[in-house]
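Structure first, then comments.
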Amino acid sequence: MTRLPTTPAPAPKRWTPGTAPWQSVPSARPTAARVIIDNDFAGDPDDLYQLVHHLLSPSVDIRAVIGSRLREGDGFYPHPDSATQAAAIARDVLDRVGLDAPGLVIEGSNTPLASRTAPQPSPALDVIIAEALREDTDQPLFYVAGGGLTDIASALIAEPRIAERIILVWIGGNEHAGLATPPPGAMPIEYNLLIDVLAGQVVFTDTEVEIWQVPRDAYRQCLVSEAELRGRVAATGPVGRYLYDETITVTELVTGHGGHHPETYALGDSPLVLLTALRSFFEADSSSSRHVVMPTPALGADGGYTAQPDARPMRVYTHLDTRLMFEDLFTKLRELDAWQTAP
């Protein structure tokens, strides 16, 4: 459904990583963390909002953007080359925002894990491992994943040492008993986990990587109204209009198949920005959102959790500061357009 447009992106003003020329009062503050972005950009367009928002967030150093796979037959993009398509869409987004960053976008695996002990090779695999094993920086490395976990699981299988060098922020997984209940008519296995359940089992059960999880009940909080999308996204210029049009394509298809006309849309991947780029300045953390800390459970083939009382701790987010997250996005889109259209 989300696809490369038939006409090329407009030619905006260009900028390079590490700069923020659209800021009317430029910030001289250095970056506070490194980020690897991993998302299924051929799927739900909420990932496009997350990508643009992260690229416009100068507090983080984006080290790579990985286009990852969807399940074959997925309604958004049913073909077997969804990671290839995702990478192409991500490059198109970089062109639309004017970012000159050759080599930043990398293709993930088009194939899910076949076992919990063998990685799936892809161009992304070596990049993930090399960045995690760097010795020339002490900045934390966040691996932010808005879809399946094939590529990070493959990297952890191939080089287990990276587990202690990464914080995985993941949008996905079922609700945890005692914290939330599934929504009406919920998929038995949450959408992002279902992309590659074996990869989820590797990450949760077979490794020691630190996980910050935004499960289904939390990411469903990230609602924006259709009026906000019209007035504060589409109205901000070509980039905002592109994001809005991608969203409307989805809602029109759903309503055309008998769904109700929506007045909201869930930008469920945006917490990846909130929990990394928008952390507090003093004692840096996601201090305006709420989470619980629990031993990391084992993950079953059915998407369910089995308690492991002695396992490493993980965060499960229960409440997200959507005001901060969306106001920051809306403002950055407005700033970008003002700079791109200025003489």
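Residue names in the structure tokens use chain letters A, B, ... in the order shown, residue numbers from 1 in each chain, and ligand numbers from 1 in the order shown.
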Taking a cut-off of 12 Å and counting only C-alpha atoms, can you build a table that, for each residue of range 55-93 of chain A near range 238-258 of chain A, reports the nearest atom pair and how far apart they are in Å (one decimal), sorted by chain then residue number, as a Markdown table?
| residue | atom | partner | partner_atom | distance |
| --- | --- | --- | --- | --- |
| A:Leu56 | CA | A:Val239 | CA | 11.8 |
| A:Gly75 | CA | A:Val250 | CA | 10.5 |
| A:Phe76 | CA | A:Val250 | CA | 8.7 |
| A:Ile89 | CA | A:Glu246 | CA | 11.8 |
| A:Asp92 | CA | A:Tyr242 | CA | 11.1 |
| A:Val93 | CA | A:Val239 | CA | 8.5 |
Could I get the residues of range 247-309 of chain A with an atom no further than 12 Å from an atom of range 136-153 of chain A, each paired with its nearest atom pair and that distance in Å to one decimal, using only C-alpha atoms, sorted by chain and residue number, as JSON lines?
{"residue": "A:Leu267", "atom": "CA", "partner": "A:Gly146", "partner_atom": "CA", "distance": 10.8}
{"residue": "A:Gly268", "atom": "CA", "partner": "A:Gly146", "partner_atom": "CA", "distance": 8.4}
{"residue": "A:Asp269", "atom": "CA", "partner": "A:Gly146", "partner_atom": "CA", "distance": 5.6}
{"residue": "A:Ser270", "atom": "CA", "partner": "A:Gly146", "partner_atom": "CA", "distance": 8.8}
{"residue": "A:Pro271", "atom": "CA", "partner": "A:Gly146", "partner_atom": "CA", "distance": 9.2}
{"residue": "A:Leu272", "atom": "CA", "partner": "A:Val144", "partner_atom": "CA", "distance": 6.0}
{"residue": "A:Val273", "atom": "CA", "partner": "A:Val144", "partner_atom": "CA", "distance": 8.6}
{"residue": "A:Leu274", "atom": "CA", "partner": "A:Val144", "partner_atom": "CA", "distance": 11.0}
{"residue": "A:Leu275", "atom": "CA", "partner": "A:Val144", "partner_atom": "CA", "distance": 9.4}
{"residue": "A:Thr276", "atom": "CA", "partner": "A:Phe142", "partner_atom": "CA", "distance": 7.3}
{"residue": "A:Ala277", "atom": "CA", "partner": "A:Phe142", "partner_atom": "CA", "distance": 10.1}
{"residue": "A:Ala284", "atom": "CA", "partner": "A:Pro140", "partner_atom": "CA", "distance": 11.2}
{"residue": "A:Asp285", "atom": "CA", "partner": "A:Pro140", "partner_atom": "CA", "distance": 11.9}
Please produce a file of the residues just selected, as an mmCIF file, in the first residue's frame, where the atoms kept are N, CA, C and O atoms.
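New file result-v1.cif:
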data_model
loop_
_atom_site.group_PDB
_atom_site.id
_atom_site.type_symbol
_atom_site.label_atom_id
_atom_site.label_comp_id
_atom_site.auth_asym_id
_atom_site.auth_seq_id
_atom_site.Cartn_x
_atom_site.Cartn_y
_atom_site.Cartn_z
ATOM 1 N N LEU A 267 -0.157 6.956 15.325
ATOM 2 C CA LEU A 267 1.245 7.063 14.897
ATOM 3 C C LEU A 267 2.085 6.278 15.901
ATOM 4 O O LEU A 267 2.869 6.828 16.680
ATOM 5 N N GLY A 268 1.898 4.969 15.860
ATOM 6 C CA GLY A 268 2.404 4.100 16.915
ATOM 7 C C GLY A 268 3.900 3.917 16.943
ATOM 8 O O GLY A 268 4.434 3.403 17.930
ATOM 9 N N ASP A 269 4.620 4.317 15.871
ATOM 10 C CA ASP A 269 6.076 4.194 15.885
ATOM 11 C C ASP A 269 6.759 5.430 16.462
ATOM 12 O O ASP A 269 7.974 5.405 16.715
ATOM 13 N N SER A 270 6.030 6.499 16.685
ATOM 14 C CA SER A 270 6.638 7.741 17.164
ATOM 15 C C SER A 270 7.287 7.641 18.539
ATOM 16 O O SER A 270 8.210 8.414 18.832
ATOM 17 N N PRO A 271 6.886 6.728 19.438
ATOM 18 C CA PRO A 271 7.625 6.600 20.702
ATOM 19 C C PRO A 271 9.108 6.286 20.533
ATOM 20 O O PRO A 271 9.898 6.530 21.451
ATOM 21 N N LEU A 272 9.508 5.770 19.380
ATOM 22 C CA LEU A 272 10.930 5.556 19.144
ATOM 23 C C LEU A 272 11.705 6.865 19.227
ATOM 24 O O LEU A 272 12.865 6.890 19.658
ATOM 25 N N VAL A 273 11.075 7.955 18.822
ATOM 26 C CA VAL A 273 11.687 9.282 18.929
ATOM 27 C C VAL A 273 11.581 9.791 20.360
ATOM 28 O O VAL A 273 12.544 10.286 20.942
ATOM 29 N N LEU A 274 10.413 9.646 20.940
ATOM 30 C CA LEU A 274 10.162 10.135 22.299
ATOM 31 C C LEU A 274 11.161 9.569 23.299
ATOM 32 O O LEU A 274 11.675 10.300 24.156
ATOM 33 N N LEU A 275 11.452 8.294 23.208
ATOM 34 C CA LEU A 275 12.261 7.614 24.223
ATOM 35 C C LEU A 275 13.760 7.738 23.977
ATOM 36 O O LEU A 275 14.557 7.277 24.804
ATOM 37 N N THR A 276 14.153 8.358 22.869
ATOM 38 C CA THR A 276 15.579 8.508 22.557
ATOM 39 C C THR A 276 15.954 9.968 22.384
ATOM 40 O O THR A 276 16.729 10.516 23.166
ATOM 41 N N ALA A 277 15.382 10.638 21.399
ATOM 42 C CA ALA A 277 15.741 12.029 21.123
ATOM 43 C C ALA A 277 15.146 13.005 22.129
ATOM 44 O O ALA A 277 15.699 14.091 22.342
ATOM 45 N N ALA A 284 19.466 12.194 32.114
ATOM 46 C CA ALA A 284 18.775 11.856 30.869
ATOM 47 C C ALA A 284 18.000 10.553 30.973
ATOM 48 O O ALA A 284 18.553 9.504 31.305
ATOM 49 N N ASP A 285 16.706 10.659 30.685
ATOM 50 C CA ASP A 285 15.839 9.493 30.664
ATOM 51 C C ASP A 285 14.502 9.915 30.050
ATOM 52 O O ASP A 285 14.257 11.103 29.801
#
DSSP-assigned strand (DSSP E or B) members of range 9-184 of chain A, reported as a PyMOL selection string: chain A and resi 15+33-39+60-67+99+105-107+141-145+167-171
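Closest approach to Trp339 in chain A among A:Thr207, A:Thr296, A:Gln23, A:Thr16: A:Gln23, based on only C-alpha atoms.
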Please return as a ChimeraX atom specification: the residues of range 64-188 of chain A that backbone DSSP assigns to helix (DSSP H, G or I). /A:82-97,123-132,150-158,160-165
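Residue nearest Ser59 in chain A within the list A:Ala33, A:Ile162, A:Ala83, A:Leu104: A:Ala33 [criterion: smallest interatomic distance, only C-alpha atoms].
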Any idea what's packed within 6 Å of range 330-334 of chain A, counting only C-alpha atoms, ignoring anything in its chain fewer than 2 positions away? Could you give it as a list in words? Arg232, Thr236, Glu327, Asp328, Leu336 and Asp337 of chain A
Determine, counting only C-alpha atoms, which protein, DNA and RNA residues have an atom within 7 Å of an atom of Ile211 in chain A; residues of the same chain fewer than 2 positions away are not included. Present the result as an MDAnalysis selection string. chainID A and resid 167:169 209 213 314:315
A:Arg116, A:Arg312, A:Arg290, A:Arg96: which is nearest Ala199 in chain A, counting only C-alpha atoms? A:Arg116
To one decimal place in Å, what is the distance between CA of Phe326 in chain A and CA of Ile189 in chain A? 27.9 Å
In terms of the shortest atom-to-atom distance over only C-alpha atoms, which of A:Arg63, A:His54, A:Arg134, A:Arg29 is closest to Met325 in chain A? A:His54
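Ranking A:Ala118, A:Trp212, A:Pro184, A:Val224 by their shortest atom-to-atom distance to Ile166 in chain A, with only C-alpha atoms included, puts A:Trp212 first.
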Check the smallest atom-to-atom distance from each of A:Ala101, A:Leu329, A:Ile157, A:Leu320 to His53 in chain A using only C-alpha atoms, then report the winner.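 Closest candidate: A:Leu329.
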